[in-house]
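Next comes final12.cif, a file with mmCIF, C-alpha atoms and all ligand atoms.
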data_run
#
loop_
_atom_site.label_atom_id
_atom_site.label_comp_id
_atom_site.auth_asym_id
_atom_site.auth_seq_id
_atom_site.Cartn_x
_atom_site.Cartn_y
_atom_site.Cartn_z
CA MET P 1 136.42 140.48 69.20
CA ASN P 2 132.84 141.50 69.93
CA ARG P 3 132.10 140.29 73.43
CA LEU P 4 129.78 143.05 74.45
CA LEU P 5 127.42 144.11 77.22
CA ILE P 6 124.59 146.61 77.07
CA ILE P 7 123.65 148.11 80.42
CA GLY P 8 121.02 150.70 81.27
CA PRO P 9 117.96 151.27 83.42
CA PRO P 10 114.64 149.60 82.55
CA GLY P 11 113.16 151.36 79.54
CA ALA P 12 116.43 152.85 78.27
CA GLY P 13 116.05 150.75 75.12
CA LYS P 14 118.49 147.92 75.83
CA GLY P 15 116.34 145.17 74.39
CA THR P 16 115.29 147.30 71.42
CA GLN P 17 118.88 148.26 70.58
CA ALA P 18 120.48 144.89 71.39
CA VAL P 19 118.52 143.26 68.56
CA LYS P 20 119.59 145.92 66.05
CA ILE P 21 123.25 146.05 67.09
CA SER P 22 123.61 142.28 67.10
CA GLU P 23 122.16 142.09 63.57
CA GLN P 24 124.69 144.64 62.36
CA LEU P 25 127.58 142.79 63.99
CA SER P 26 126.31 139.27 63.19
CA ILE P 27 126.49 138.13 66.81
CA PRO P 28 123.67 136.77 68.98
CA ALA P 29 121.81 139.13 71.33
CA ILE P 30 121.24 137.32 74.61
CA SER P 31 118.58 138.88 76.83
CA THR P 32 118.17 137.25 80.24
CA GLY P 33 114.78 138.97 80.55
CA ASP P 34 113.62 137.41 77.25
CA ILE P 35 114.85 133.96 78.28
CA PHE P 36 112.92 134.25 81.56
CA ARG P 37 109.75 135.46 79.81
CA LYS P 38 109.92 132.59 77.29
CA ASN P 39 110.24 130.10 80.14
CA ILE P 40 107.34 131.69 82.01
CA LYS P 41 105.18 131.44 78.89
CA GLU P 42 106.11 127.78 78.41
CA GLU P 43 105.57 127.11 82.13
CA THR P 44 108.95 125.41 82.55
CA ASP P 45 110.48 124.86 86.02
CA LEU P 46 112.81 127.79 85.39
CA GLY P 47 109.81 129.95 84.44
CA LYS P 48 107.90 128.95 87.56
CA GLU P 49 110.91 129.81 89.70
CA ALA P 50 111.47 133.21 88.06
CA LYS P 51 107.88 134.44 87.75
CA SER P 52 107.23 135.91 91.21
CA TYR P 53 110.53 137.83 91.18
CA ILE P 54 109.90 139.29 87.75
CA ASP P 55 106.29 140.22 88.48
CA SER P 56 107.39 142.15 91.56
CA GLY P 57 110.31 143.83 89.77
CA ASN P 58 113.03 142.11 91.80
CA LEU P 59 116.08 140.34 90.46
CA VAL P 60 115.77 136.60 89.99
CA PRO P 61 118.24 134.89 92.40
CA ASP P 62 121.83 134.65 91.14
CA SER P 63 121.86 130.86 91.59
CA VAL P 64 119.18 130.57 88.90
CA THR P 65 120.35 133.36 86.58
CA ASN P 66 124.06 132.49 86.60
CA LYS P 67 123.42 128.85 85.71
CA MET P 68 121.18 129.89 82.83
CA VAL P 69 123.77 132.31 81.41
CA ARG P 70 126.58 129.77 81.77
CA ALA P 71 124.56 127.29 79.71
CA ARG P 72 123.69 129.89 77.07
CA LEU P 73 127.30 131.04 76.66
CA ALA P 74 128.39 127.44 76.16
CA GLU P 75 126.36 127.30 72.92
CA ASP P 76 128.25 127.34 69.64
CA ASP P 77 126.84 130.58 68.24
CA THR P 78 128.66 132.65 70.90
CA LYS P 79 132.17 131.64 69.92
CA ASP P 80 132.72 134.68 67.67
CA GLY P 81 131.12 137.11 70.10
CA PHE P 82 127.81 138.02 71.70
CA LEU P 83 125.86 140.95 73.10
CA LEU P 84 124.54 140.34 76.59
CA ASP P 85 121.44 142.41 77.38
CA GLY P 86 120.39 142.63 81.03
CA TYR P 87 123.26 140.59 82.46
CA PRO P 88 125.25 141.12 84.64
CA ARG P 89 122.93 143.08 86.94
CA ASN P 90 124.80 142.95 90.27
CA PRO P 91 128.44 142.53 91.37
CA GLU P 92 128.05 138.79 91.99
CA GLN P 93 126.94 138.33 88.37
CA VAL P 94 129.99 140.32 87.20
CA HIS P 95 132.16 137.89 89.13
CA GLU P 96 130.40 134.88 87.63
CA LEU P 97 130.65 136.28 84.10
CA ASP P 98 134.37 136.95 84.58
CA THR P 99 134.79 133.36 85.78
CA ILE P 100 132.86 131.84 82.87
CA LEU P 101 134.86 133.80 80.31
CA ALA P 102 138.23 133.25 82.02
CA GLU P 103 137.73 129.48 81.70
CA ASN P 104 138.22 130.01 77.95
CA ASN P 105 140.79 132.82 78.30
CA GLU P 106 138.16 135.33 77.24
CA GLU P 107 136.97 138.66 78.60
CA ILE P 108 134.43 141.40 77.89
CA ASP P 109 135.67 143.82 75.22
CA GLN P 110 133.27 146.76 75.50
CA VAL P 111 130.31 147.84 77.61
CA LEU P 112 127.58 150.02 76.15
CA LEU P 113 125.85 152.18 78.74
CA LEU P 114 122.52 153.51 77.53
CA VAL P 115 121.17 156.46 79.52
CA ALA P 116 117.86 158.37 79.70
CA ASP P 117 116.15 160.29 82.50
CA ASN P 118 113.73 158.56 84.85
CA GLU P 119 110.51 160.26 83.75
CA GLU P 120 111.17 159.32 80.10
CA LEU P 121 111.81 155.74 81.23
CA VAL P 122 108.54 155.55 83.15
CA GLN P 123 106.60 156.98 80.19
CA ARG P 124 108.13 154.49 77.74
CA LEU P 125 107.38 151.53 79.97
CA LEU P 126 103.81 152.70 80.59
CA GLY P 127 103.49 152.98 76.79
CA ARG P 128 104.69 149.40 76.42
CA ALA P 129 102.27 148.30 79.15
CA ALA P 130 99.40 149.65 77.07
CA GLU P 131 100.71 147.86 73.95
CA GLN P 132 102.03 144.56 75.23
CA GLY P 133 100.60 144.12 78.74
CA ARG P 134 103.83 142.85 80.31
CA THR P 135 103.05 141.88 83.91
CA ASP P 136 105.92 143.96 85.33
CA ASP P 137 105.00 147.16 83.44
CA ASN P 138 102.72 148.94 85.90
CA GLU P 139 103.77 152.19 87.52
CA GLU P 140 104.47 150.80 91.00
CA VAL P 141 106.61 147.92 89.71
CA ILE P 142 108.33 150.17 87.15
CA ARG P 143 109.41 152.57 89.90
CA HIS P 144 110.61 149.63 91.98
CA ARG P 145 112.64 148.29 89.00
CA LEU P 146 114.26 151.73 88.65
CA ASN P 147 115.22 151.61 92.35
CA VAL P 148 116.60 148.09 91.98
CA TYR P 149 118.69 149.34 89.06
CA GLU P 150 120.08 152.25 91.10
CA LYS P 151 120.87 150.07 94.11
CA GLU P 152 122.06 146.83 92.54
CA THR P 153 123.09 147.47 88.94
CA ALA P 154 124.45 151.06 88.83
CA PRO P 155 127.40 150.06 91.11
CA LEU P 156 128.68 147.82 88.27
CA LEU P 157 129.47 150.87 86.22
CA SER P 158 132.44 151.77 88.41
CA ILE P 159 133.83 148.23 87.96
CA TYR P 160 133.71 148.48 84.17
CA ARG P 161 134.79 152.13 84.22
CA GLU P 162 137.95 151.14 86.09
CA ARG P 163 138.59 148.60 83.35
CA GLY P 164 138.20 151.36 80.75
CA LEU P 165 135.38 149.54 78.94
CA ILE P 166 132.38 151.88 79.23
CA LYS P 167 130.96 153.66 76.19
CA GLU P 168 128.15 155.94 77.35
CA VAL P 169 125.42 156.73 74.83
CA ASN P 170 122.36 158.98 75.07
CA GLY P 171 119.22 156.83 74.68
CA LEU P 172 116.91 159.74 73.84
CA GLY P 173 115.77 160.31 70.28
CA GLU P 174 114.61 158.15 67.38
CA ILE P 175 115.41 154.45 67.69
CA ASP P 176 117.58 154.42 64.52
CA GLU P 177 119.43 157.51 65.66
CA VAL P 178 120.31 155.77 68.95
CA THR P 179 121.47 152.67 67.03
CA GLU P 180 123.85 154.84 64.98
CA ARG P 181 125.26 156.38 68.15
CA LEU P 182 125.84 152.94 69.65
CA LEU P 183 127.55 151.62 66.51
CA ASP P 184 129.76 154.73 66.41
CA ALA P 185 130.67 154.24 70.07
CA LEU P 186 131.87 150.70 69.31
CA LYS P 187 134.26 151.81 66.53
P1 LIG P 201 114.53 142.99 81.19
O1 LIG P 201 113.87 142.14 80.20
O2 LIG P 201 116.01 143.20 81.05
O3 LIG P 201 113.70 144.35 81.16
P2 LIG P 201 114.00 145.89 81.23
O4 LIG P 201 115.16 146.24 82.13
O5 LIG P 201 112.70 146.49 81.54
O6 LIG P 201 114.47 146.35 79.81
P3 LIG P 201 113.89 146.04 78.38
O7 LIG P 201 115.09 145.60 77.62
O8 LIG P 201 112.74 145.15 78.38
O9 LIG P 201 113.29 147.39 77.87
P4 LIG P 201 113.87 148.39 76.83
O10 LIG P 201 114.75 149.24 77.67
O11 LIG P 201 114.48 147.80 75.62
O12 LIG P 201 114.27 142.44 82.68
C1 LIG P 201 112.97 142.13 83.16
C2 LIG P 201 113.07 141.40 84.51
O13 LIG P 201 113.76 140.14 84.34
C3 LIG P 201 113.87 142.12 85.60
O14 LIG P 201 113.10 143.07 86.33
C4 LIG P 201 114.30 140.91 86.48
O15 LIG P 201 113.26 140.50 87.34
C5 LIG P 201 114.56 139.80 85.47
N1 LIG P 201 115.98 139.72 85.07
C6 LIG P 201 116.47 139.96 83.82
N2 LIG P 201 117.81 139.81 83.81
C7 LIG P 201 118.18 139.47 85.07
C8 LIG P 201 119.43 139.22 85.71
N3 LIG P 201 120.59 139.29 85.05
N4 LIG P 201 119.45 138.89 87.03
C9 LIG P 201 118.30 138.80 87.72
N5 LIG P 201 117.09 139.05 87.19
C10 LIG P 201 117.02 139.40 85.88
O16 LIG P 201 112.62 149.15 76.21
C11 LIG P 201 111.56 149.67 76.93
C12 LIG P 201 110.52 150.36 76.06
O17 LIG P 201 111.03 151.56 75.50
C13 LIG P 201 110.02 149.55 74.86
O18 LIG P 201 108.62 149.64 74.82
C14 LIG P 201 110.61 150.22 73.66
O19 LIG P 201 109.78 150.15 72.53
C15 LIG P 201 110.73 151.66 74.11
N6 LIG P 201 111.84 152.35 73.46
C16 LIG P 201 113.09 151.86 73.25
N7 LIG P 201 113.86 152.77 72.63
C17 LIG P 201 113.08 153.90 72.47
C18 LIG P 201 113.31 155.21 71.90
N8 LIG P 201 114.50 155.56 71.38
N9 LIG P 201 112.30 156.10 71.94
C19 LIG P 201 111.10 155.76 72.46
N10 LIG P 201 110.81 154.54 73.01
C20 LIG P 201 111.79 153.62 73.00
#
Produce structure tokens that represent the structure in this file.
Ligand code: B4P
Amino acid sequence: MNRLLIIGPPGAGKGTQAVKISEQLSIPAISTGDIFRKNIKEETDLGKEAKSYIDSGNLVPDSVTNKMVRARLAEDDTKDGFLLDGYPRNPEQVHELDTILAENNEEIDQVLLLVADNEELVQRLLGRAAEQGRTDDNEEVIRHRLNVYEKETAPLLSIYRERGLIKEVNGLGEIDEVTERLLDALK
């Protein structure tokens, strides 16, 4: 079964690769960041709640994020698998995800870890800032997001490593080349 996570620092290419991998595997890619940004654009209550955290590069509170993911995973299209991009991002979210899946006797099958060095990450995100103007892509907030990743998200890797689920893949190189590496790692 393809119940997959993709984890990596901001700019490693998670969102970019999640779309391509999920197409290949015919499962939905679920990006918590994309769901938040859509809600911000549509000025929903969820969007209003999330905006200040995202703009400053901090994690949106678990109470908000966990509820949103629970609702998304209850949708029909996830029953044959999914690729979660950007969730879980701290140990509490790991616990919640385990709980949600256990309710249906399910668990995560594999975890893709996408890695790249910090200066490459900053350059990519500054490049995206120039192209797309995302409000959290300025150098100060980017560096803060990298720190948040190191402090809050990197500790998850030992949890999934202990479970034997991590497949580490180099995120440097052409986008298609990285996709091939990820698909190989899943075999
Ligand atoms: P995300 O949307 O997850 O943003 P991100 O970590 O910056 O990664 P993203 O997926 O966008 O970028 P990617 O690496 O694909 O989160 C944004 C915010 O939402 C968070 O800061 C937080 O506030 C909130 N949030 C989200 N999930 C949450 C959660 N679970 N709990 C609490 N809060 C949460 O790509 C970056 C750039 O690199 C792109 O421009 C891309 O074109 C480029 N790129 C990709 N691959 C490349 C390659 N091989 N070569 C060159 N460039 C490449």
For the interface of chain P with ligand LIG 201 (chain P) (cut-off 6 Å, counting all atoms listed in the file), please tabulate each contacting residue of chain P alongside its nearest pair of atoms and their separation in Å to one decimal, rows sorted by chain and increasing number, as CSV.
residue,atom,partner,partner_atom,distance
P:Pro9,CA,P:LIG201,O4,5.9
P:Pro10,CA,P:LIG201,O4,3.4
P:Gly11,CA,P:LIG201,O10,3.2
P:Ala12,CA,P:LIG201,O10,4.0
P:Gly13,CA,P:LIG201,O10,3.2
P:Lys14,CA,P:LIG201,O11,4.0
P:Gly15,CA,P:LIG201,O11,3.4
P:Thr16,CA,P:LIG201,O11,4.3
P:Thr32,CA,P:LIG201,N2,4.4
P:Gly33,CA,P:LIG201,O1,3.3
P:Asp34,CA,P:LIG201,O1,5.6
P:Tyr53,CA,P:LIG201,O15,5.4
P:Ile54,CA,P:LIG201,O15,3.6
P:Gly57,CA,P:LIG201,O14,4.5
P:Asn58,CA,P:LIG201,O15,4.7
P:Leu59,CA,P:LIG201,N5,3.7
P:Val60,CA,P:LIG201,N5,3.9
P:Thr65,CA,P:LIG201,N4,5.6
P:Gly86,CA,P:LIG201,O2,4.4
P:Tyr87,CA,P:LIG201,N3,3.9
P:Pro88,CA,P:LIG201,N3,5.0
P:Arg89,CA,P:LIG201,N3,4.8
P:Arg124,CA,P:LIG201,O17,4.7
P:Leu125,CA,P:LIG201,C12,5.1
P:Arg128,CA,P:LIG201,O18,4.3
P:Arg145,CA,P:LIG201,O14,5.9
P:Gly171,CA,P:LIG201,N8,5.9
P:Leu172,CA,P:LIG201,N8,5.4
P:Gly173,CA,P:LIG201,N8,5.0
P:Glu174,CA,P:LIG201,N8,4.8
P:Ile175,CA,P:LIG201,N8,4.0
Exercise. Which residue gives the smallest distance to P:Asn138 among P:Ile35, P:Thr153, P:Ile7, P:Ser56, with only C-alpha atoms counted?
Worked result: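 Selected residue with least distance to P:Asn138: P:Ser56.
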Go through stretch 49-134 of chain P residue by residue and, counting all atoms listed in the file, keep those with an atom at most 10 Å from stretch 160-170 of chain P; for each kept residue give the shortest atom pair and its distance in Å to one decimal, ordered by chain and increasing number, as a tab-separated table.
residue	atom	partner	partner_atom	distance
P:Val94	CA	P:Tyr160	CA	9.5
P:Ile108	CA	P:Leu165	CA	8.3
P:Asp109	CA	P:Leu165	CA	6.8
P:Gln110	CA	P:Leu165	CA	4.9
P:Val111	CA	P:Ile166	CA	4.8
P:Leu112	CA	P:Lys167	CA	5.0
P:Leu113	CA	P:Glu168	CA	4.6
P:Leu114	CA	P:Val169	CA	5.1
P:Val115	CA	P:Asn170	CA	5.3
P:Ala116	CA	P:Asn170	CA	6.5
P:Asp117	CA	P:Asn170	CA	9.8
All file atoms of stretch 39-47 of chain P boxed axis-aligned, 5 Å per side, centre plus edges, as JSON:
{"center_x": 109.0, "center_y": 128.3, "center_z": 82.2, "size_x": 17.6, "size_y": 16.8, "size_z": 17.6}
Exercise. If I put a ball of radius 7 Å at (132.8, 128.1, 78.1) in the file's coordinates, which residues poke into it when counting all atoms listed in the file, written as a ChimeraX atom specification?
Worked result: /P:73-74,100-101,103-104
Enumerate, in order of chain and increasing residue number, the residues of stretch 63-182 of chain P with an atom no farther than 12 Å from stretch 37-52 of chain P, each with its shortest atom pair and distance in Å to one decimal, counting only C-alpha atoms, as JSON lines.
{"residue": "P:Ser63", "atom": "CA", "partner": "P:Glu49", "partner_atom": "CA", "distance": 11.2}
{"residue": "P:Val64", "atom": "CA", "partner": "P:Leu46", "partner_atom": "CA", "distance": 7.8}
{"residue": "P:Thr65", "atom": "CA", "partner": "P:Ala50", "partner_atom": "CA", "distance": 9.0}
{"residue": "P:Lys67", "atom": "CA", "partner": "P:Leu46", "partner_atom": "CA", "distance": 10.7}
{"residue": "P:Met68", "atom": "CA", "partner": "P:Leu46", "partner_atom": "CA", "distance": 9.0}
{"residue": "P:Arg134", "atom": "CA", "partner": "P:Arg37", "partner_atom": "CA", "distance": 9.5}
{"residue": "P:Thr135", "atom": "CA", "partner": "P:Lys51", "partner_atom": "CA", "distance": 9.7}
{"residue": "P:Asp136", "atom": "CA", "partner": "P:Lys51", "partner_atom": "CA", "distance": 10.0}
